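Notes follow the structure.
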Amino acid sequence: MRKRLIVSAASALSLFLAVPASAADFQPGAPGVGDSYYPTYGNGGYDVSHYDIRLKYQPATDELEGTTTILATATQDLSRFNLDFALNVSEVRVNGRIATFATSGEQELEITPARPLAKGSQATVVVRYKGVPSTVKKYGFTAWLRTPDGAVAAGEPESAWWWFPSNDHPSDKATFDVSVLVPDGNQVISNGVLAGTSSQAGWTRYSWRENKPQATYLATLAVGKFDVTRDTTPSGLPIYNAYSKDLGDNADAARSSVERTGELVDWLSGYLGEYPFSSIGGYVPNVPTGYALETQTRIFYSPRQFARGSNASVVVHELAHQWYGDSVSLNRWSDIWLNEGFARYAQFLWSEHENEGTAQELADYVYSSHPADDPFWTIKPGDPGPDNQFSSAVYERGAVAVHALRNAVGDEKFFRILKGWPTERRYGNGTIPEFQAYAERISGQPLGDVLNTWLFTASKPAVGPVAPGTAVAASLAPGADAGRLPAEPKSWKKIQETNSVHEGER
Ligand SMILES: [Zn+2]
C-alpha cells in the first residue's frame, strides 16, 4: 500500500512537471516528417494510432462530406500541429474544444488547439469537411479517380488528402475505421473486414475496419456498383473481391486473375511467412488508369492490367506487398526497393513455379538486355530519387539485386531471410540498412559489396548476377554483345505488364 502511494505521488509529480512554466515552451510541430523525397509529407510532433473516417458520398455529383476523428499522442510539447489535407475544412476540435485552423502550402492544415498538447498526452482531433474531390488539384493533379458510377481513392504516395486528413507518411501507421453513407444501390469498398451495413431513408452505410496498423497511402476507398465474391482460403482467411459491373471485355480476364487471390496468398505464405492480416481480396473498378496498388488487404487493380488476358503475376506482385510494404512499411520513401524489389522478385518465384523461366534466367535477361550505356543503369534502386521512385529500374534491377543477394548467401539462408524479415518486423517499419543488418546476421557474412553493386551504383555492374558454382555466361560477361542475348523467358511479358503499376496518378 505504501509503495503504491509513493508511485502515485511520483506520477502526480511528473504530471505536474509536464506542465511548463509558460506557453513559450510549446513549439509548433514540423510541417513535414523529414522525408528527403517529399519534405512536406507527413508532419512532426505527434503519432497517430487510429483514424475513424465517417463520410457521406453522392456518386452523381462527387460531393463528399466527412468527419474524421484522429487519435494521436504528442511526441513533443505542441502549441500547434499540421495535418495533410486538400478538401475544405469547416471545423476542427481538439480534445472537444474548438481549435483554430489555417491552410498553407499545397496540403498543410495547421491546427492550433485551444490548449497546448503536452508531450506524451493523447489527443482526439475531430475534423469536419466537404468538397468535390475530383475538382481539387494539388501539385497539378488529383488522386481521386472518377468512374462512371462513383469514385476511387488509390494512389502512391498521395491518395489520402482527397478523402481524409492525416499524418500522411508511411512512418506513422494506424488502425482504421471507414464508414461511408451512399445512396441505396451503391456499394463501398475499403480495407479490412466489412463490419456491417445498415440502410435508412434511401441511404446505406458501409462500415469497414482494418484492425492492423496501416500506412495512410494504403487506405483505399471505392464507391460504385460492384459484383462481389466472398470466400475463405483453405487456411480460413476471408476473401472479399469486387468487380465493377461495367468492365466489358476485361471482365473475365480480371476475374480469372483476381479470383486466384486465395490460392496465391497461400502459395506466397510458403515463402514469406504467415499472412499478416485478417482479410484479403482485390477490386477492379472501371477506371482508365493502368496501374495496380497494394492497398492493404484490398488490392486496387485497373482493368487495363487485364487487357491482354488474365495475369496471375500482377496478383502475386500486389499480394507480396502485403508482407513487403504493408505489414513491414517504409520509414522513408528512398527505401522503395524494400517494397518493389521484393514484390517483383515474388513474380520471379512465380515464374519459376510455373516453369516459365527461373529467377536466374530472368535476372540474366534483365542484365543482358540493357547495354551499359542504357540510362536504365543510372538509376540506383536503393536511392532512385523522387522522380524515379517508380521507374522500371527500381523493379527490374531491384529484383536482380534480390537475386544477387540470393546467389551471395545461398538458397537456404536466402529463403530464411525472405521469410524472416517480414516476420520479425511484422506491423512495423524498416530501412535498407536495417534489412542489410538483418540479412548479415542471418547469413553470417558481410553483404555491403553485393548490395552496393546492385542498389547504390549508377552504372552497369561489370559482371552479371552469376549463380554460385557456375561460370560466367558469355552473355553476362563484360563486353558481351547484344547479339548473344539469352532467350526471353516465357513469363517476361506478363511481368512487364506489371510495370504500369503505380503509374498514372500524376
Ligand atoms: Zn509494387
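Scheme for the C-alpha cells: letters A, B, ... for chains in order shown; per-chain residue numbers from 1; ligand numbers from 1 in order shown.
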Pick out the residues sitting within 8 Å of Asp62 in chain A, and hand them over as an NGL selection string; count only C-alpha atoms, and ignore anything fewer than 2 positions along from it in its own chain. :A and (57-60 or 64 or 132-134 or 150-151)
What are the nearest atom pairs, with distances in Å to one decimal, for all residues of chain A that come at most 7 Å from ligand 1, using only C-alpha atoms and all ligand atoms, set out by chain and rising residue number as a tab-separated table?
residue	atom	partner	partner_atom_place_in_ligand_line	distance
A:Leu293	CA	ligand 1	1 (Zn)	6.7
A:Glu294	CA	ligand 1	1 (Zn)	6.8
A:His317	CA	ligand 1	1 (Zn)	6.2
A:Glu318	CA	ligand 1	1 (Zn)	6.1
A:His321	CA	ligand 1	1 (Zn)	6.6
A:Asn339	CA	ligand 1	1 (Zn)	6.5
A:Glu340	CA	ligand 1	1 (Zn)	4.8
A:Ala343	CA	ligand 1	1 (Zn)	5.8
A:Val501	CA	ligand 1	1 (Zn)	6.2
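In this comparison, which uses only C-alpha atoms, the residue of A:Ala74, A:Val258, A:Leu109, A:Ile189 approaching Arg209 in chain A most closely is A:Ile189.
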Between A:Thr378, A:Asn186, A:Thr220, A:Ser334, single out the one closest to Trp203 in chain A, counting only C-alpha atoms. A:Asn186
Identify, on the basis of only C-alpha atoms, every residue whose closest approach to range 217-219 of chain A does not exceed 7 Å; exclude the query and any residue fewer than 4 positions from it along the same chain; express the result as a tab-separated table (two decimals) with C-alpha atoms, in the first residue's frame.
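Output file selection12.tsv follows:
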chain	number	residue	atom	x	y	z
A	155	GLY	CA	-2.52	6.34	-55.28
A	156	GLU	CA	1.08	6.32	-54.16
A	157	PRO	CA	2.43	8.21	-52.39
A	158	GLU	CA	-0.54	10.61	-52.50
A	159	SER	CA	-4.08	9.42	-52.00
A	160	ALA	CA	-5.35	10.38	-48.54
A	191	ASN	CA	-9.70	-2.07	-46.31
A	294	GLU	CA	-1.14	-2.89	-52.92
A	295	THR	CA	-3.82	-1.15	-50.81
A	296	GLN	CA	-3.81	-3.07	-47.57
Near Tyr301 in chain A, counting only C-alpha atoms, which residues have an atom at most 8 Å away, once you skip same-chain residues fewer than 5 positions from it, shown as a PyMOL selection string? chain A and resi 282-285+291-293
Hey, what does DSSP flag as alpha helix (DSSP H) within range 151-309 of chain A? Can you give it to me as a PDB file with C-alpha atoms, in the first residue's frame?
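Okay, this is what ended up in part.pdb:
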ATOM      1  CA  ALA A 251     -14.299  -8.575 -67.021  1.00  0.00           C
ATOM      2  CA  ASP A 252     -13.485 -12.268 -67.450  1.00  0.00           C
ATOM      3  CA  ALA A 253      -9.706 -11.795 -67.546  1.00  0.00           C
ATOM      4  CA  ALA A 254      -9.932  -9.686 -64.376  1.00  0.00           C
ATOM      5  CA  ARG A 255     -11.967 -12.335 -62.599  1.00  0.00           C
ATOM      6  CA  SER A 256      -9.829 -15.248 -63.697  1.00  0.00           C
ATOM      7  CA  SER A 257      -6.828 -13.401 -62.236  1.00  0.00           C
ATOM      8  CA  VAL A 258      -8.178 -11.862 -59.043  1.00  0.00           C
ATOM      9  CA  THR A 261      -6.149 -14.477 -54.706  1.00  0.00           C
ATOM     10  CA  GLY A 262      -6.741 -17.194 -52.107  1.00  0.00           C
ATOM     11  CA  GLU A 263      -4.587 -19.745 -53.914  1.00  0.00           C
ATOM     12  CA  LEU A 264      -1.796 -17.224 -54.436  1.00  0.00           C
ATOM     13  CA  VAL A 265      -1.786 -15.833 -50.905  1.00  0.00           C
ATOM     14  CA  ASP A 266      -1.428 -19.372 -49.582  1.00  0.00           C
ATOM     15  CA  TRP A 267       1.387 -20.046 -52.070  1.00  0.00           C
ATOM     16  CA  LEU A 268       3.199 -16.856 -51.044  1.00  0.00           C
ATOM     17  CA  SER A 269       2.836 -17.722 -47.355  1.00  0.00           C
ATOM     18  CA  GLY A 270       5.239 -20.575 -48.004  1.00  0.00           C
ATOM     19  CA  TYR A 271       7.935 -18.049 -48.921  1.00  0.00           C
ATOM     20  CA  LEU A 272       7.010 -15.008 -46.837  1.00  0.00           C
TER      21      LEU A 272
END
Counting only C-alpha atoms, what is within 7 Å of Arg128 in chain A, bar same-chain residues fewer than 2 positions away, as a ChimeraX atom specification? /A:66-68,89-92,126
How would the residues just chosen look if you wrote them out with N, CA and C atoms as an mmCIF file, in the first residue's frame?
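In the end it all went to part_33.cif:
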data_model
loop_
_atom_site.group_PDB
_atom_site.id
_atom_site.type_symbol
_atom_site.label_atom_id
_atom_site.label_comp_id
_atom_site.auth_asym_id
_atom_site.auth_seq_id
_atom_site.Cartn_x
_atom_site.Cartn_y
_atom_site.Cartn_z
ATOM 1 N N GLY A 66 -17.441 14.825 -44.751
ATOM 2 C CA GLY A 66 -16.800 13.902 -43.834
ATOM 3 C C GLY A 66 -16.518 14.454 -42.467
ATOM 4 N N THR A 67 -16.410 13.519 -41.542
ATOM 5 C CA THR A 67 -15.895 13.820 -40.206
ATOM 6 C C THR A 67 -14.859 12.759 -39.892
ATOM 7 N N THR A 68 -13.628 13.169 -39.735
ATOM 8 C CA THR A 68 -12.581 12.215 -39.364
ATOM 9 C C THR A 68 -12.104 12.518 -37.948
ATOM 10 N N VAL A 89 -12.178 22.570 -44.966
ATOM 11 C CA VAL A 89 -12.489 22.217 -43.577
ATOM 12 C C VAL A 89 -13.431 23.266 -42.993
ATOM 13 N N SER A 90 -14.448 22.785 -42.263
ATOM 14 C CA SER A 90 -15.389 23.729 -41.643
ATOM 15 C C SER A 90 -15.181 23.849 -40.140
ATOM 16 N N GLU A 91 -14.661 22.799 -39.536
ATOM 17 C CA GLU A 91 -14.494 22.858 -38.077
ATOM 18 C C GLU A 91 -13.441 21.856 -37.642
ATOM 19 N N VAL A 92 -12.655 22.264 -36.647
ATOM 20 C CA VAL A 92 -11.695 21.343 -36.025
ATOM 21 C C VAL A 92 -11.860 21.446 -34.520
ATOM 22 N N VAL A 126 -10.936 16.119 -34.130
ATOM 23 C CA VAL A 126 -12.105 15.904 -34.983
ATOM 24 C C VAL A 126 -12.109 16.972 -36.070
#
Pick out the residues sitting within 10 Å of Tyr365 in chain A, and hand them over as an MDAnalysis selection string; count only C-alpha atoms, and ignore anything fewer than 4 positions along from it in its own chain. chainID A and resid 359:361 369:370 400 464 475:476 485:489 492
If you measure from CA of Val409 in chain A to CA of Gly382 in chain A, what distance in Å do you get, rounded to one decimal? 19.3 Å
Might you pull out every residue within 12 Å of Ala439 in chain A, with only C-alpha atoms counted and same-chain residues fewer than 6 positions away left off, and present them as number ranges by chain? A: 402, 405-406, 408-410, 413-422, 424, 432-433, 445-448, 450-451
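Restricting the calculation to only C-alpha atoms, the smallest distance between Arg115 in chain A and any of A:Lys494, A:Lys130, A:Arg80, A:Arg146 is found for A:Arg80.
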